file input.tsv (TSV, N, CA and C atoms)
chain	number	residue	atom	x	y	z
V	1	MET	N	0.81	-1.20	0.00
V	1	MET	CA	0.00	0.00	0.00
V	1	MET	C	0.85	1.26	0.00
V	2	LEU	N	2.11	1.14	0.37
V	2	LEU	CA	2.96	2.32	0.45
V	2	LEU	C	3.84	2.53	-0.78
V	3	SER	N	3.86	1.57	-1.69
V	3	SER	CA	4.69	1.72	-2.89
V	3	SER	C	3.96	2.55	-3.94
V	4	ALA	N	4.72	2.99	-4.95
V	4	ALA	CA	4.13	3.78	-6.04
V	4	ALA	C	3.03	2.97	-6.73
V	5	LYS	N	1.94	3.62	-7.03
V	5	LYS	CA	0.77	2.94	-7.59
V	5	LYS	C	0.99	2.63	-9.07
V	6	GLY	N	0.28	1.62	-9.55
V	6	GLY	CA	0.37	1.22	-10.94
V	6	GLY	C	1.06	-0.12	-11.08
V	7	ARG	N	1.41	-0.44	-12.32
V	7	ARG	CA	2.11	-1.70	-12.60
V	7	ARG	C	3.47	-1.69	-11.93
V	8	GLY	N	3.90	-2.87	-11.53
V	8	GLY	CA	5.19	-2.99	-10.87
V	8	GLY	C	5.02	-3.48	-9.45
V	9	ARG	N	5.74	-2.84	-8.54
V	9	ARG	CA	5.76	-3.29	-7.15
V	9	ARG	C	4.37	-3.29	-6.52
V	10	HIS	N	3.59	-2.22	-6.73
V	10	HIS	CA	2.27	-2.13	-6.11
V	10	HIS	C	1.36	-3.27	-6.56
V	11	SER	N	1.27	-3.50	-7.84
V	11	SER	CA	0.38	-4.55	-8.32
V	11	SER	C	0.90	-5.95	-7.96
V	12	THR	N	2.23	-6.12	-7.94
V	12	THR	CA	2.79	-7.41	-7.55
V	12	THR	C	2.46	-7.72	-6.10
V	13	PHE	N	2.70	-6.75	-5.21
V	13	PHE	CA	2.39	-6.98	-3.80
V	13	PHE	C	0.88	-7.06	-3.58
V	14	GLY	N	0.11	-6.36	-4.38
V	14	GLY	CA	-1.35	-6.47	-4.29
V	14	GLY	C	-1.82	-7.87	-4.63
V	15	THR	N	-1.23	-8.47	-5.64
V	15	THR	CA	-1.57	-9.85	-6.00
V	15	THR	C	-1.18	-10.80	-4.88
V	16	ILE	N	-0.01	-10.60	-4.31
V	16	ILE	CA	0.43	-11.43	-3.19
V	16	ILE	C	-0.53	-11.27	-2.02
V	17	TYR	N	-0.93	-10.03	-1.71
V	17	TYR	CA	-1.87	-9.77	-0.62
V	17	TYR	C	-3.20	-10.49	-0.89
V	18	PHE	N	-3.69	-10.42	-2.12
V	18	PHE	CA	-4.94	-11.08	-2.48
V	18	PHE	C	-4.87	-12.58	-2.19
V	19	TRP	N	-3.81	-13.24	-2.65
V	19	TRP	CA	-3.70	-14.68	-2.44
V	19	TRP	C	-3.45	-15.02	-0.98
V	20	CYS	N	-2.71	-14.20	-0.26
V	20	CYS	CA	-2.51	-14.43	1.17
V	20	CYS	C	-3.83	-14.29	1.94
V	21	MET	N	-4.66	-13.33	1.53
V	21	MET	CA	-5.97	-13.19	2.16
V	21	MET	C	-6.83	-14.43	1.89
V	22	GLY	N	-6.70	-15.00	0.70
V	22	GLY	CA	-7.40	-16.25	0.41
V	22	GLY	C	-6.94	-17.34	1.36
V	23	GLY	N	-5.63	-17.42	1.60
V	23	GLY	CA	-5.10	-18.40	2.56
V	23	GLY	C	-5.57	-18.13	3.98
V	24	ALA	N	-5.60	-16.85	4.36
V	24	ALA	CA	-6.08	-16.49	5.70
V	24	ALA	C	-7.56	-16.85	5.85
V	25	PHE	N	-8.35	-16.60	4.80
V	25	PHE	CA	-9.77	-16.96	4.86
V	25	PHE	C	-9.94	-18.47	4.98
V	26	LEU	N	-9.17	-19.22	4.23
V	26	LEU	CA	-9.24	-20.67	4.33
V	26	LEU	C	-8.88	-21.14	5.74
V	27	THR	N	-7.81	-20.56	6.29
V	27	THR	CA	-7.40	-20.90	7.65
V	27	THR	C	-8.46	-20.53	8.67
V	28	MET	N	-9.03	-19.32	8.55
V	28	MET	CA	-10.09	-18.90	9.47
V	28	MET	C	-11.29	-19.84	9.37
V	29	THR	N	-11.61	-20.27	8.18
V	29	THR	CA	-12.75	-21.17	7.99
V	29	THR	C	-12.51	-22.49	8.69
V	30	ILE	N	-11.34	-23.08	8.46
V	30	ILE	CA	-11.02	-24.37	9.07
V	30	ILE	C	-11.03	-24.26	10.59
V	31	LEU	N	-10.35	-23.23	11.12
V	31	LEU	CA	-10.30	-23.07	12.58
V	31	LEU	C	-11.69	-22.81	13.16
V	32	SER	N	-12.51	-22.06	12.46
V	32	SER	CA	-13.87	-21.77	12.95
V	32	SER	C	-14.72	-23.03	12.96
V	33	LEU	N	-14.59	-23.85	11.93
V	33	LEU	CA	-15.37	-25.08	11.88
V	33	LEU	C	-14.98	-26.06	12.98
V	34	MET	N	-13.72	-26.02	13.38
V	34	MET	CA	-13.25	-26.92	14.44
V	34	MET	C	-13.89	-26.58	15.79
V	35	ARG	N	-14.16	-25.30	16.03
V	35	ARG	CA	-14.77	-24.86	17.29
V	35	ARG	C	-15.82	-23.79	16.98
V	36	TRP	N	-16.85	-24.19	16.25
V	36	TRP	CA	-17.84	-23.24	15.74
V	36	TRP	C	-18.46	-22.39	16.83
V	37	ALA	N	-18.88	-22.98	17.93
V	37	ALA	CA	-19.57	-22.23	18.98
V	37	ALA	C	-18.72	-21.09	19.53
V	38	GLU	N	-17.39	-21.31	19.62
V	38	GLU	CA	-16.51	-20.29	20.17
V	38	GLU	C	-15.96	-19.35	19.09
V	39	ASP	N	-15.87	-19.82	17.84
V	39	ASP	CA	-15.13	-19.07	16.83
V	39	ASP	C	-15.93	-18.71	15.58
V	40	TYR	N	-17.25	-18.75	15.63
V	40	TYR	CA	-18.02	-18.40	14.44
V	40	TYR	C	-17.76	-16.96	14.01
V	41	ASP	N	-17.48	-16.09	15.00
V	41	ASP	CA	-17.18	-14.69	14.66
V	41	ASP	C	-15.89	-14.59	13.84
V	42	LEU	N	-14.95	-15.50	14.05
V	42	LEU	CA	-13.73	-15.53	13.25
V	42	LEU	C	-14.06	-15.83	11.79
V	43	PHE	N	-15.00	-16.74	11.57
V	43	PHE	CA	-15.44	-17.04	10.20
V	43	PHE	C	-16.08	-15.82	9.54
V	44	VAL	N	-16.95	-15.14	10.28
V	44	VAL	CA	-17.64	-13.96	9.73
V	44	VAL	C	-16.63	-12.88	9.36
V	45	LEU	N	-15.67	-12.64	10.24
V	45	LEU	CA	-14.64	-11.64	9.96
V	45	LEU	C	-13.77	-12.06	8.76
V	46	GLY	N	-13.45	-13.34	8.67
V	46	GLY	CA	-12.69	-13.83	7.53
V	46	GLY	C	-13.45	-13.67	6.23
V	47	LEU	N	-14.74	-13.95	6.27
V	47	LEU	CA	-15.58	-13.79	5.09
V	47	LEU	C	-15.65	-12.32	4.67
V	48	LEU	N	-15.81	-11.44	5.63
V	48	LEU	CA	-15.84	-10.00	5.33
V	48	LEU	C	-14.50	-9.52	4.75
V	49	ALA	N	-13.40	-9.93	5.37
V	49	ALA	CA	-12.07	-9.51	4.89
V	49	ALA	C	-11.84	-10.00	3.47
V	50	TYR	N	-12.18	-11.26	3.21
V	50	TYR	CA	-11.99	-11.79	1.86
V	50	TYR	C	-12.94	-11.13	0.87
V	51	GLY	N	-14.16	-10.85	1.30
V	51	GLY	CA	-15.11	-10.15	0.43
V	51	GLY	C	-14.59	-8.77	0.05
V	52	PHE	N	-14.03	-8.05	1.00
V	52	PHE	CA	-13.47	-6.72	0.70
V	52	PHE	C	-12.28	-6.82	-0.25
V	53	VAL	N	-11.38	-7.77	-0.02
V	53	VAL	CA	-10.20	-7.87	-0.88
V	53	VAL	C	-10.61	-8.32	-2.29
V	54	LEU	N	-11.61	-9.18	-2.39
V	54	LEU	CA	-12.11	-9.59	-3.70
V	54	LEU	C	-12.74	-8.40	-4.43
V	55	CYS	N	-13.52	-7.61	-3.71
V	55	CYS	CA	-14.13	-6.41	-4.30
V	55	CYS	C	-13.04	-5.43	-4.74
V	56	GLY	N	-12.00	-5.27	-3.92
V	56	GLY	CA	-10.91	-4.37	-4.28
V	56	GLY	C	-10.16	-4.82	-5.52
V	57	ARG	N	-9.97	-6.12	-5.64
V	57	ARG	CA	-9.30	-6.65	-6.84
V	57	ARG	C	-10.18	-6.49	-8.07
V	58	LEU	N	-11.47	-6.78	-7.92
V	58	LEU	CA	-12.40	-6.63	-9.05
V	58	LEU	C	-12.52	-5.17	-9.47
V	59	ALA	N	-12.41	-4.26	-8.51
V	59	ALA	CA	-12.49	-2.83	-8.85
V	59	ALA	C	-11.40	-2.43	-9.82
V	60	VAL	N	-10.24	-3.07	-9.72
V	60	VAL	CA	-9.14	-2.78	-10.64
V	60	VAL	C	-9.33	-3.54	-11.95
V	61	THR	N	-9.61	-4.84	-11.86
V	61	THR	CA	-9.70	-5.64	-13.08
V	61	THR	C	-10.92	-5.31	-13.93
V	62	ARG	N	-11.98	-4.81	-13.30
V	62	ARG	CA	-13.20	-4.47	-14.03
V	62	ARG	C	-13.39	-2.98	-14.21
V	63	SER	N	-12.39	-2.20	-13.82
V	63	SER	CA	-12.41	-0.74	-13.95
V	63	SER	C	-13.59	-0.09	-13.24
V	64	TRP	N	-13.85	-0.51	-12.01
V	64	TRP	CA	-14.93	0.10	-11.21
V	64	TRP	C	-14.48	1.41	-10.59
V	65	GLY	N	-13.20	1.64	-10.52
V	65	GLY	CA	-12.70	2.90	-9.98
V	65	GLY	C	-11.70	2.69	-8.88
V	66	LEU	N	-10.77	3.64	-8.80
V	66	LEU	CA	-9.72	3.55	-7.79
V	66	LEU	C	-10.22	3.83	-6.38
V	67	ARG	N	-11.28	4.62	-6.27
V	67	ARG	CA	-11.84	4.88	-4.93
V	67	ARG	C	-12.39	3.59	-4.32
V	68	ILE	N	-13.08	2.81	-5.13
V	68	ILE	CA	-13.61	1.53	-4.64
V	68	ILE	C	-12.46	0.60	-4.30
V	69	HIS	N	-11.45	0.57	-5.17
V	69	HIS	CA	-10.28	-0.28	-4.93
V	69	HIS	C	-9.61	0.09	-3.60
V	70	ALA	N	-9.31	1.37	-3.40
V	70	ALA	CA	-8.61	1.81	-2.19
V	70	ALA	C	-9.45	1.54	-0.94
V	71	THR	N	-10.74	1.83	-1.02
V	71	THR	CA	-11.61	1.62	0.13
V	71	THR	C	-11.70	0.15	0.49
V	72	CYS	N	-11.93	-0.70	-0.49
V	72	CYS	CA	-12.09	-2.13	-0.21
V	72	CYS	C	-10.80	-2.76	0.29
V	73	MET	N	-9.68	-2.40	-0.31
V	73	MET	CA	-8.41	-2.98	0.15
V	73	MET	C	-8.10	-2.52	1.58
V	74	GLY	N	-8.35	-1.25	1.86
V	74	GLY	CA	-8.14	-0.75	3.21
V	74	GLY	C	-9.06	-1.42	4.22
V	75	MET	N	-10.32	-1.59	3.85
V	75	MET	CA	-11.27	-2.24	4.75
V	75	MET	C	-10.91	-3.71	4.98
V	76	SER	N	-10.37	-4.37	3.95
V	76	SER	CA	-9.97	-5.78	4.14
V	76	SER	C	-8.89	-5.87	5.21
V	77	TYR	N	-7.97	-4.92	5.20
V	77	TYR	CA	-6.89	-4.92	6.18
V	77	TYR	C	-7.43	-4.62	7.58
V	78	ILE	N	-8.35	-3.68	7.68
V	78	ILE	CA	-8.95	-3.36	8.98
V	78	ILE	C	-9.68	-4.57	9.55
V	79	VAL	N	-10.45	-5.25	8.72
V	79	VAL	CA	-11.20	-6.42	9.19
V	79	VAL	C	-10.24	-7.55	9.56
V	80	LEU	N	-9.16	-7.72	8.79
V	80	LEU	CA	-8.16	-8.73	9.12
V	80	LEU	C	-7.52	-8.44	10.48
V	81	LEU	N	-7.16	-7.17	10.73
V	81	LEU	CA	-6.61	-6.81	12.04
V	81	LEU	C	-7.62	-7.00	13.15
V	82	THR	N	-8.88	-6.68	12.87
V	82	THR	CA	-9.93	-6.90	13.86
V	82	THR	C	-10.01	-8.38	14.23
V	83	ALA	N	-9.99	-9.24	13.23
V	83	ALA	CA	-10.03	-10.69	13.49
V	83	ALA	C	-8.83	-11.12	14.33
V	84	PHE	N	-7.67	-10.58	14.01
V	84	PHE	CA	-6.47	-10.93	14.78
V	84	PHE	C	-6.63	-10.53	16.24
V	85	TYR	N	-7.08	-9.30	16.48
V	85	TYR	CA	-7.21	-8.84	17.86
V	85	TYR	C	-8.35	-9.52	18.60
V	86	VAL	N	-9.44	-9.80	17.94
V	86	VAL	CA	-10.55	-10.52	18.58
V	86	VAL	C	-10.08	-11.91	19.01
V	87	ASP	N	-9.29	-12.55	18.16
V	87	ASP	CA	-8.82	-13.91	18.46
V	87	ASP	C	-7.65	-13.93	19.44
V	88	ASN	N	-6.77	-12.93	19.38
V	88	ASN	CA	-5.53	-12.97	20.16
V	88	ASN	C	-5.36	-11.86	21.18
V	89	GLY	N	-6.23	-10.86	21.17
V	89	GLY	CA	-6.05	-9.70	22.04
V	89	GLY	C	-5.90	-10.04	23.51
V	90	LYS	N	-6.63	-11.04	23.96
V	90	LYS	CA	-6.58	-11.40	25.38
V	90	LYS	C	-5.22	-11.96	25.80
V	91	ASN	N	-4.37	-12.30	24.83
V	91	ASN	CA	-3.04	-12.86	25.13
V	91	ASN	C	-1.90	-11.88	24.85
V	92	LEU	N	-2.22	-10.69	24.38
V	92	LEU	CA	-1.18	-9.74	23.99
V	92	LEU	C	-0.93	-8.70	25.08
V	93	PRO	N	0.35	-8.34	25.28
V	93	PRO	CA	0.64	-7.27	26.24
V	93	PRO	C	-0.10	-6.00	25.82
V	94	LEU	N	-0.49	-5.21	26.77
V	94	LEU	CA	-1.27	-3.98	26.60
V	94	LEU	C	-2.71	-4.28	26.18
V	95	TRP	N	-2.89	-5.08	25.16
V	95	TRP	CA	-4.24	-5.39	24.66
V	95	TRP	C	-5.03	-6.19	25.69
V	96	ARG	N	-4.37	-7.07	26.43
V	96	ARG	CA	-5.09	-7.91	27.40
V	96	ARG	C	-5.70	-7.08	28.54
V	97	ASP	N	-5.21	-5.85	28.73
V	97	ASP	CA	-5.74	-4.98	29.77
V	97	ASP	C	-6.96	-4.19	29.30
V	98	LEU	N	-7.27	-4.26	28.01
V	98	LEU	CA	-8.40	-3.52	27.44
V	98	LEU	C	-9.67	-4.35	27.50
V	99	PRO	N	-10.82	-3.71	27.54
V	99	PRO	CA	-12.07	-4.48	27.46
V	99	PRO	C	-12.20	-5.12	26.07
V	100	SER	N	-12.90	-6.22	25.98
V	100	SER	CA	-12.97	-6.96	24.72
V	100	SER	C	-13.59	-6.14	23.58
V	101	ILE	N	-14.44	-5.18	23.90
V	101	ILE	CA	-15.02	-4.34	22.85
V	101	ILE	C	-13.93	-3.57	22.10
V	102	ALA	N	-12.82	-3.29	22.77
V	102	ALA	CA	-11.71	-2.56	22.14
V	102	ALA	C	-11.12	-3.35	20.98
V	103	TYR	N	-11.12	-4.68	21.08
V	103	TYR	CA	-10.59	-5.51	19.99
V	103	TYR	C	-11.41	-5.32	18.72
V	104	TRP	N	-12.69	-5.06	18.89
V	104	TRP	CA	-13.60	-4.88	17.77
V	104	TRP	C	-13.55	-3.46	17.20
V	105	VAL	N	-13.24	-2.49	18.04
V	105	VAL	CA	-13.41	-1.09	17.64
V	105	VAL	C	-12.11	-0.39	17.25
V	106	ILE	N	-11.02	-0.66	17.95
V	106	ILE	CA	-9.79	0.10	17.74
V	106	ILE	C	-9.25	0.00	16.30
V	107	PRO	N	-9.22	-1.19	15.67
V	107	PRO	CA	-8.72	-1.21	14.28
V	107	PRO	C	-9.50	-0.27	13.35
V	108	ALA	N	-10.80	-0.19	13.51
V	108	ALA	CA	-11.61	0.71	12.67
V	108	ALA	C	-11.38	2.16	13.05
V	109	LEU	N	-11.25	2.45	14.34
V	109	LEU	CA	-11.00	3.83	14.77
V	109	LEU	C	-9.69	4.37	14.22
V	110	VAL	N	-8.73	3.50	14.04
V	110	VAL	CA	-7.44	3.92	13.47
V	110	VAL	C	-7.49	3.87	11.94
V	111	GLY	N	-8.04	2.81	11.38
V	111	GLY	CA	-7.97	2.58	9.94
V	111	GLY	C	-8.90	3.42	9.10
V	112	VAL	N	-10.13	3.62	9.54
V	112	VAL	CA	-11.10	4.36	8.72
V	112	VAL	C	-10.64	5.81	8.46
V	113	PRO	N	-10.15	6.53	9.47
V	113	PRO	CA	-9.64	7.88	9.16
V	113	PRO	C	-8.47	7.87	8.16
V	114	ILE	N	-7.65	6.83	8.19
V	114	ILE	CA	-6.56	6.74	7.21
V	114	ILE	C	-7.13	6.55	5.81
V	115	ILE	N	-8.15	5.72	5.68
V	115	ILE	CA	-8.79	5.52	4.37
V	115	ILE	C	-9.42	6.82	3.89
V	116	VAL	N	-10.14	7.50	4.77
V	116	VAL	CA	-10.79	8.77	4.40
V	116	VAL	C	-9.74	9.79	3.97
V	117	ARG	N	-8.66	9.89	4.71
V	117	ARG	CA	-7.59	10.83	4.36
V	117	ARG	C	-7.00	10.49	3.00
V	118	THR	N	-6.80	9.22	2.76
V	118	THR	CA	-6.27	8.78	1.47
V	118	THR	C	-7.22	9.14	0.34
V	119	LEU	N	-8.50	8.91	0.53
V	119	LEU	CA	-9.48	9.22	-0.50
V	119	LEU	C	-9.54	10.72	-0.79
V	120	MET	N	-9.30	11.53	0.23
V	120	MET	CA	-9.37	12.98	0.06
V	120	MET	C	-8.08	13.59	-0.48
V	121	ARG	N	-6.93	12.98	-0.18
V	121	ARG	CA	-5.66	13.65	-0.49
V	121	ARG	C	-4.78	12.97	-1.52
V	122	HIS	N	-4.97	11.71	-1.79
V	122	HIS	CA	-4.07	11.03	-2.73
V	122	HIS	C	-4.29	11.59	-4.13
V	123	PRO	N	-3.21	11.95	-4.82
V	123	PRO	CA	-3.35	12.58	-6.14
V	123	PRO	C	-4.12	11.74	-7.16
V	124	LEU	N	-3.98	10.45	-7.11
V	124	LEU	CA	-4.70	9.59	-8.06
V	124	LEU	C	-6.20	9.54	-7.77
V	125	LEU	N	-6.59	9.87	-6.54
V	125	LEU	CA	-7.99	9.76	-6.16
V	125	LEU	C	-8.70	11.11	-6.12
V	126	ARG	N	-7.95	12.20	-6.21
V	126	ARG	CA	-8.58	13.53	-6.17
V	126	ARG	C	-9.23	13.89	-7.48
V	127	SER	N	-8.77	13.33	-8.57
V	127	SER	CA	-9.31	13.66	-9.88
V	127	SER	C	-10.73	13.13	-10.03
V	128	PRO	N	-11.68	13.96	-10.45
V	128	PRO	CA	-13.07	13.51	-10.63
V	128	PRO	C	-13.19	12.35	-11.61
V	129	SER	N	-12.30	12.27	-12.60
V	129	SER	CA	-12.36	11.19	-13.57
V	129	SER	C	-11.98	9.85	-12.96
V	130	ARG	N	-11.38	9.85	-11.78
V	130	ARG	CA	-10.94	8.61	-11.12
V	130	ARG	C	-11.98	8.10	-10.13
V	131	ILE	N	-13.12	8.78	-10.00
V	131	ILE	CA	-14.15	8.37	-9.04
V	131	ILE	C	-14.76	7.15	-9.55

call {"tool": "encode", "arguments": {"input": "input.tsv", "output": "structure tokens"}}
result
Amino acid sequence: MLSAKGRGRHSTFGTIYFWCMGGAFLTMTILSLMRWAEDYDLFVLGLLAYGFVLCGRLAVTRSWGLRIHATCMGMSYIVLLTAFYVDNGKNLPLWRDLPSIAYWVIPALVGVPIIVRTLMRHPLLRSPSRI
């Protein structure tokens, strides 16, 4: 997400991210099925994260727009971090001292303003023709 946009490093790492998210979704699905009653929320978060990354990839391949691409890819990362903290927060230093609702809310409180700032300020996204 930090490399120059377009063909090259950005698209290569984007493809790697897409396939890694597929692997993460597969892993979340298997782990959730093993302990459904305790981990169904992990499956839902995995499904959401993969849905966002799929939408972000389709936005580029189908020319839906860079705003949709940036928003969906950013949201996939936020949901992935949320899943990580929901599953592991109780075992992490600093995080274990927070109420469990923080695991659900903090990734979005940090990530959504970054996405909004990117949508408002990134040169590729400011152009009306790129909407």

call {"tool": "residues_around", "arguments": {"input": "input.tsv", "residues": "Ile115 in chain V", "least_positions_apart": "6", "cutoff": "7 Å", "atoms": "all atoms listed in the file", "output": "PyMOL selection string"}}
result
chain V and resi 70-71+74

call {"tool": "residues_around", "arguments": {"input": "input.tsv", "residues": "range 54-68 of chain V", "least_positions_apart": "3", "cutoff": "8 Å", "atoms": "only N, CA and C atoms", "output": "tab-separated table (two decimals) with N, CA and C atoms, in the frame of the given file"}}
result
chain	number	residue	atom	x	y	z
V	14	GLY	N	0.11	-6.36	-4.38
V	14	GLY	CA	-1.35	-6.47	-4.29
V	14	GLY	C	-1.82	-7.87	-4.63
V	18	PHE	N	-3.69	-10.42	-2.12
V	18	PHE	CA	-4.94	-11.08	-2.48
V	18	PHE	C	-4.87	-12.58	-2.19
V	48	LEU	N	-15.81	-11.44	5.63
V	48	LEU	CA	-15.84	-10.00	5.33
V	48	LEU	C	-14.50	-9.52	4.75
V	49	ALA	N	-13.40	-9.93	5.37
V	49	ALA	CA	-12.07	-9.51	4.89
V	49	ALA	C	-11.84	-10.00	3.47
V	50	TYR	N	-12.18	-11.26	3.21
V	50	TYR	CA	-11.99	-11.79	1.86
V	50	TYR	C	-12.94	-11.13	0.87
V	51	GLY	N	-14.16	-10.85	1.30
V	51	GLY	CA	-15.11	-10.15	0.43
V	51	GLY	C	-14.59	-8.77	0.05
V	71	THR	N	-10.74	1.83	-1.02
V	71	THR	CA	-11.61	1.62	0.13
V	71	THR	C	-11.70	0.15	0.49
V	72	CYS	N	-11.93	-0.70	-0.49
V	72	CYS	CA	-12.09	-2.13	-0.21
V	72	CYS	C	-10.80	-2.76	0.29
V	73	MET	N	-9.68	-2.40	-0.31
V	73	MET	CA	-8.41	-2.98	0.15
V	73	MET	C	-8.10	-2.52	1.58
V	74	GLY	N	-8.35	-1.25	1.86
V	74	GLY	CA	-8.14	-0.75	3.21
V	74	GLY	C	-9.06	-1.42	4.22
V	76	SER	N	-10.37	-4.37	3.95
V	76	SER	CA	-9.97	-5.78	4.14
V	76	SER	C	-8.89	-5.87	5.21
V	119	LEU	N	-8.50	8.91	0.53
V	119	LEU	CA	-9.48	9.22	-0.50
V	119	LEU	C	-9.54	10.72	-0.79
V	124	LEU	N	-3.98	10.45	-7.11
V	124	LEU	CA	-4.70	9.59	-8.06
V	124	LEU	C	-6.20	9.54	-7.77
V	125	LEU	N	-6.59	9.87	-6.54
V	125	LEU	CA	-7.99	9.76	-6.16
V	125	LEU	C	-8.70	11.11	-6.12
V	129	SER	N	-12.30	12.27	-12.60
V	129	SER	CA	-12.36	11.19	-13.57
V	129	SER	C	-11.98	9.85	-12.96
V	130	ARG	N	-11.38	9.85	-11.78
V	130	ARG	CA	-10.94	8.61	-11.12
V	130	ARG	C	-11.98	8.10	-10.13
V	131	ILE	N	-13.12	8.78	-10.00
V	131	ILE	CA	-14.15	8.37	-9.04
V	131	ILE	C	-14.76	7.15	-9.55

call {"tool": "residues_near_point", "arguments": {"input": "input.tsv", "point": "(-6.0, -10.6, 11.9)", "cutoff": "12 Å", "atoms": "only C-alpha atoms", "output": "MDAnalysis selection string"}}
result
chainID V and resid 20:21 24:25 27:28 42:43 45:46 48:50 76:89 103:104 107

call {"tool": "axis_aligned_box", "arguments": {"input": "input.tsv", "around": "range 52-70 of chain V", "padding_each_side": "3 Å", "output": "AutoDock Vina command-line options"}}
result
--center_x -11.8 --center_y -2.4 --center_z -6.6 --size_x 12.3 --size_y 20.5 --size_z 21.2

call {"tool": "atom_distance", "arguments": {"input": "input.tsv", "atom1": "atom N of His69 in chain V", "atom2": "atom N of Val53 in chain V"}}
result
9.8 Å
